[in-house]
Every structure is written in structure tokens, then in C-alpha cells.
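Chemist: Dropping the structure in here first, questions after.
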Amino acid sequence: LALAIRNQGYYDFSWNYILIQADTANARRVSPSGGGWFNGPLEQGEPRANVYVEVLPHSDTVAQHPRYRVCNVYITPNEVILKAHQRRRIQMDSFFVVERTLKDRHRRVLLQPHEAEEPDDQVLRSWTNAQGKLLRLVKRSKPRIKKMTFSDKSALQPDDHLVHIILRKTVKNRDGSPVTDRQRRQKYYIRDRIISDAVTIKAGDYYSYEGTRSTIRRIDKLNVFRLPRVECLPNPDRPHDCLDCIVRMQPSKKQEVGADIDINNNQTTVSSLGISTNLNYQNKNIFKGAEIFEVTAFGGIDFKLGGADSTDSGFFEQAVNLLDINLETSLYFPRYLGLGFLERVLKMDRARTRISVGYRYLQQSTDFRISSFYTQMGYEWSRGPQHAFTWNPFVLNLTSQPILDPDFARLLADNNRTLFESLSASFLIPSTDFTYTYTGKQAPYGGAWSFRSAFEMAGNLFYLLDQVVDPNERMRFGGVDYSQYVRTDFDVRYTYNLNKRNSIASRLMVGIIIPYGNSLDTDVPFVKRFTLGGPSSMRAWNLRFLGPGDQPSVAGAEFQVGDIRTEFNTEYRFKINSWIGAAIFADIGNVWLLNGDQPSQEI
């Protein structure tokens, strides 16, 4: 309640001004309820109480709490931490961000009988419809407003609305002469427009606590500043109804490099030692607009520990079970790049655009080798701290022709025809996917839910193009068929904190992939099918060793995938000390094929 009041402009309001009283003596009595389905004894009704909420006066002499507007918003994007005696030496350049009306645009609006005209509306036509209602077509002004930045306050026009004042440390040349605008833009870390768009507090608006929190979240999501915070102080000229808000932040490092290494030992179906590493490089603000250029490299290798097979020849065949390499380059823009009406329809908040190009290489001992190239363009946005969305309208994946060992290919063809068809062909996968994630608030004690759903549809745009070009012949690109399928995946999690050291976590995952159209006879691509096993899924099995449910396991062909997945796991987590934890877990699940009974063929 106190926060709701503060969001209406009451800056210094707190819960100390709220008095809550409960009256149980004068509350309405509830008659006893019946015995339920089994006609048991009467149960006493729920006790009721009258609750009275009173807002106490601001002081003994002032009954009304002051409501504050924001007079000025000062932004310091390159805050410098100095000692007290150095503060006077700092000179700041002021940049004034304003909203200016460039020109009026007009649009035609059809007014219903209950809708009133605006003062500047120009009536173009009025008539009575068949139901006897008066309709009016008016020409309405729709001003075009643009945000602009000036370094000289004299450049402001009388109709400009001052939004923010950006304070930067004064930059001078070595000889003491002032720098030009071009030199200033080269030295400044990020453009003023990007910073201003991230700050939701505007001069002239009523104070809002949620506005300050939203500003901190937006600045933090830019990922080019650190330690963002907002300080609001009463304006010295109007201390009782006007605030000056200072948004402080410090530039983060221009370039960052990170690395993760994971080592695990498996003693389940086969004895192996796995080593993986994840390297990450970021170049922040590459185009002076908070853009982030990112390069990630993942490499994993699984060594045999149980001895070499007599049929293996060479070091790699004798020593390695699996080799996985993934390289990806991404470019993030801190804004939406696309058609404006889609941003309004999807209600994107804090949207950013991502463009990625990647390559993946996978080799399983001597059984097979497969490479794939992919590129995608998509958007990420959120609605509040609990709802996150990802939409990739353009995803293109090209899987090259795999190289299969003849014995392994013959074994798959005889015992798992579906996997053989999926693994032995090259695929072109043009798709669109959408992901929604809900994250519940986690209290120190008690439970919290989280939910993730993903939906992917492939091949529709290429199918329309195929029908336009030649509906009687299937379109192929370089001799490769394009895939058509629908894939959906759901992940529900529940975490319950018993205390600070103990918790219970459960997870349910359900997914299905359905081929149609062009993929009915070419099957679903191997890279899009479900797999189980490994360090985070059905942990008693190696990766891709489990399943399908209706497919018998054959020695030498333990590489399994499926079209339907169901998995549930629960674990009891506990801390041994402040930095070591452990868990007791149980996993249940499997994968199945939609069309598992297929005849074998000789190759």
C-alpha cells in the first residue's frame, strides 16, 4: 500500500503513516457450514473481521501529504569517484535532451456516437447509419515528436519540452582548447539518445518509485554501465512540491573475456572422462550506441577410460568417444529494429535485437561426423521482472551431408530406420520460433513456480515460395530439401525452500515434434529431435544413450533420438557448508518415435 501511494507522487510517504485496525467484535457473523459430501458434523464458519485503514497526517500542523513533481533529471553517465578536495576542480558539460514537435501529421478517425470530438478536430463527413446512429469522420492532428540533444541551452525553443540534462566531464585537448563536436562524440562512451531512452523518469511527471526501479533495470540491461542508482532531492527553490532526480552510473569495461571449464567422470554404461570449455569475448558499445559484439566458442571432448576396441585404429578412434565444437558470433542492438507496428502489437518493453551466425561440428568416435551452419535474427524483450519473451522471425539452419561409418550406417538401417533417415541426410531448415518464460518470485522460505514454453514452425515461407514458383515440382536448394515441422516444448519447475540450507526442486518437461508437408517422406532433421542423458537429463545414462521407448537397444547403435519427450525429476538439495552443496535426485523419463515401426532396408 505504501509503495502504491509513493508511485502517485508522494515521495516521502512511508508505512509509518499507515494505521491498520481490525475489529472482530462488530464483524458480520458467519453461520456454521454443512457437513460436506459425507454429511458430517457442522463446521464452524470462518472468523471475520472489519479492517480499517487510516492514513495519518504528514505532521501535527499539515494534514495533507505533499505530492512531488520531477523538476529536473540529471544523468551522469561517466561518474567519477573523487576525494572531497577534488570536487571543485571537476567541470561538467551540460547536454539538454528535449522533445520537439517537428510537424503535425493528420489522420482520419471514425467517431462513434458516444465518442466526443477533440478541439482541433476537423469534421470531414457526418451521416446516419441504418441503425439511426450518427457517425462522424474527422481529420485529427497527430504531432510528430522527436527527441533531440543540444549542448547549448540557447538553442532550445520555447515549445521544447526539457526531458533530461546529461552531465559529462569536460573534455579538452592537450593544449587546453575545447574539443569539437566530432571529437566529443569520438571520446564519449555512448550516445546521449541511448542513455535518455533508458531513463523512464522525465521532467514534469509526478514522482514514481516504480519509475526509479524501472530506470535502474533498463540501464543495467544495456550492459555497458555498472552500479546504476537514482537519488531524488527536493529542489531548493521549491522544496515542498518539486524534486531533482540524479541518475548516477559508471562505465563498465570496454572489452571483457570469460572462460568456464567443466570436468566430469562417468562410470555408468561406459567409463569416460569429459572435458568442456566455454570461451566468451564481448566488445561493448562497438558503434557508440550500447551495441554489444559477442563471440562464443564451446568445445567438449569425451575420452574413453575403459580401454580401446580391438577394431579401432588410430589415436582418435581409440581414445575419444565424442567431440563437440560450437562457434557463434552475435551482435546485440539495445532497441527494436523492424516494423514499428509489431513492436506496438507485441507490447515490447526494453526490446533488443540480436543477429547471430554460428557453426557446429559433432563427431561420435568413428560412427559419424556432422556439420551445420546457422544464422538468425530475433528480438528479446520483457514485461516486468517476471515475464520474458524471445521471438526469432528468421532462422536458417543448413546441415551438411553427414559422414557415416559403413558398419554404423548398416546397423542403424537394420535396427533403427527412423534414426538412419534423419542422420544420413542433409537438411535446410528455415524456421520461426517463439519462447515465453515466466519466473515467479522466490521468497527466503516457501515455494516458487517458473514456466518456459517454446514453439517453432519450419518451412512455411519456403512452401509459399515453392507454390508461387512451381506448384508441380518440389523446390530444392543446392539439391537439399527444406524441412517442414512443428515443434513445441514445455518446462515447468517448482522450488520450495525449507530453510536457508535445504530445498526441494522438481521439474517436468514435455515436448513433441510433428513433421508435415515436405518432411513427411524426408523425416525430421536429427538436430531438432529430442535426446536424453548427460549431466542434466536422466543422469544415469550417457548423452543420447536412452530411448526411444518402442525401439530396442542394439549394441553399437546407442545413439538415440525421439519425436516425443516426457521427463520428470526431483531432487533434495542441501548445503554441507557455506560453499559446498550436494543433492539427492531421482529422474524418470524417455523419448518415443511417432513412426517407430518402419521396415529395414539393405544398403
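Residues are named by chain letter and number: chains run A, B, ... in the order of the C-alpha cells, numbers start at 1 in each chain, and ligands are numbered from 1 in the order shown.
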Do a neighbour search on A:Cys245 at 8 Å with only C-alpha atoms, toss out local chain neighbours closer than 2 positions, and write the hits as a PyMOL selection string.
Modeler: chain A and resi 70+72-74+230-233+243+247
Chemist: Stretch 49-51 of chain A: which residues within 8 Å, counting only C-alpha atoms, same-chain residues fewer than 3 positions away excluded, as a ChimeraX atom specification?
Modeler: /A:20-28
Chemist: Kindly export the residues of the current selection with N, CA and C atoms, as a compact mmCIF listing (two decimals), in the first residue's frame.
Modeler:
# COMPACT_ATOMS: atom_id res chain seq x y z
N ILE A 20 -3.49 0.46 10.61
CA ILE A 20 -4.44 -0.61 10.28
C ILE A 20 -5.02 -1.15 11.57
N GLN A 21 -6.36 -1.19 11.66
CA GLN A 21 -7.06 -1.71 12.83
C GLN A 21 -8.03 -2.80 12.40
N ALA A 22 -8.14 -3.85 13.20
CA ALA A 22 -9.04 -4.96 12.93
C ALA A 22 -10.06 -5.06 14.05
N ASP A 23 -11.33 -5.10 13.69
CA ASP A 23 -12.45 -5.18 14.64
C ASP A 23 -13.16 -6.51 14.44
N THR A 24 -13.00 -7.43 15.38
CA THR A 24 -13.67 -8.73 15.29
C THR A 24 -15.00 -8.75 16.04
N ALA A 25 -15.21 -7.78 16.94
CA ALA A 25 -16.45 -7.79 17.74
C ALA A 25 -17.66 -7.38 16.90
N ASN A 26 -17.48 -6.41 16.02
CA ASN A 26 -18.60 -5.90 15.23
C ASN A 26 -18.65 -6.47 13.81
N ALA A 27 -17.83 -7.47 13.53
CA ALA A 27 -17.82 -8.05 12.19
C ALA A 27 -19.05 -8.92 11.98
N ARG A 28 -19.44 -9.09 10.71
CA ARG A 28 -20.59 -9.92 10.38
C ARG A 28 -20.29 -11.37 10.72
Chemist: Tell me which protein, DNA and RNA residues are within 6 Å of A:Phe298, counting only C-alpha atoms, leaving out same-chain ones fewer than 5 positions away, and put them as a list in words.
Modeler: Thr277, Asn278, Ile325 and Asn326 of chain A
Chemist: Produce a file of the selected residues containing C-alpha atoms, as a CSV table (one decimal), in the first residue's frame.
Modeler:
chain,number,residue,atom,x,y,z
A,277,THR,CA,35.3,-25.3,-22.1
A,278,ASN,CA,33.2,-22.2,-22.9
A,325,ILE,CA,32.6,-27.8,-31.2
A,326,ASN,CA,30.3,-24.8,-31.5
Chemist: Using only C-alpha atoms, can you tell me which of A:Asn518, A:Gln250, A:Ser382, A:Ser453 comes closest to A:Asn78?
Modeler: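 Of A:Asn518, A:Gln250, A:Ser382, A:Ser453, the one nearest A:Asn78 is A:Gln250, counting only C-alpha atoms.
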Chemist: Taking only residues of stretch 116-231 of chain A that have an atom at most 7 Å from an atom of stretch 279-297 of chain A, what is each one's shortest atom pair and its distance in Å to one decimal, using only C-alpha atoms, in chain and number order, as CSV?
Modeler:
residue,atom,partner,partner_atom,distance
A:Tyr189,CA,A:Lys288,CA,6.5
A:Ile190,CA,A:Lys288,CA,4.8
A:Arg191,CA,A:Gly289,CA,5.7
A:Ile194,CA,A:Gly289,CA,6.2
A:Leu222,CA,A:Ala290,CA,6.4
A:Val224,CA,A:Lys284,CA,6.3
Chemist: Write the selection just made, keeping N, CA and C atoms, as a PDB file, in the first residue's frame?
Modeler:
ATOM      1  N   TYR A 189      31.523   7.753 -24.350  1.00  0.00           N
ATOM      2  CA  TYR A 189      31.364   6.306 -24.317  1.00  0.00           C
ATOM      3  C   TYR A 189      30.102   5.840 -25.034  1.00  0.00           C
ATOM      4  N   ILE A 190      29.024   6.593 -24.939  1.00  0.00           N
ATOM      5  CA  ILE A 190      27.758   6.178 -25.512  1.00  0.00           C
ATOM      6  C   ILE A 190      26.951   7.417 -25.869  1.00  0.00           C
ATOM      7  N   ARG A 191      26.144   7.321 -26.911  1.00  0.00           N
ATOM      8  CA  ARG A 191      25.378   8.472 -27.377  1.00  0.00           C
ATOM      9  C   ARG A 191      24.320   8.860 -26.346  1.00  0.00           C
ATOM     10  N   ILE A 194      20.718   7.191 -26.483  1.00  0.00           N
ATOM     11  CA  ILE A 194      20.588   5.843 -25.931  1.00  0.00           C
ATOM     12  C   ILE A 194      20.408   5.907 -24.420  1.00  0.00           C
ATOM     13  N   LEU A 222      21.330  -2.535 -20.454  1.00  0.00           N
ATOM     14  CA  LEU A 222      22.205  -2.083 -21.533  1.00  0.00           C
ATOM     15  C   LEU A 222      23.553  -2.789 -21.496  1.00  0.00           C
ATOM     16  N   VAL A 224      26.376  -1.881 -20.462  1.00  0.00           N
ATOM     17  CA  VAL A 224      27.558  -1.059 -20.710  1.00  0.00           C
ATOM     18  C   VAL A 224      27.849  -0.135 -19.526  1.00  0.00           C
TER      19      VAL A 224
END
Chemist: Return the single residue from A:Gln364, A:Ser537, A:Thr76, A:Thr435 that is closest to A:Arg229, with distances computed using only C-alpha atoms.
Modeler: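 Looking at the shortest contact to A:Arg229, the residue is A:Thr76.
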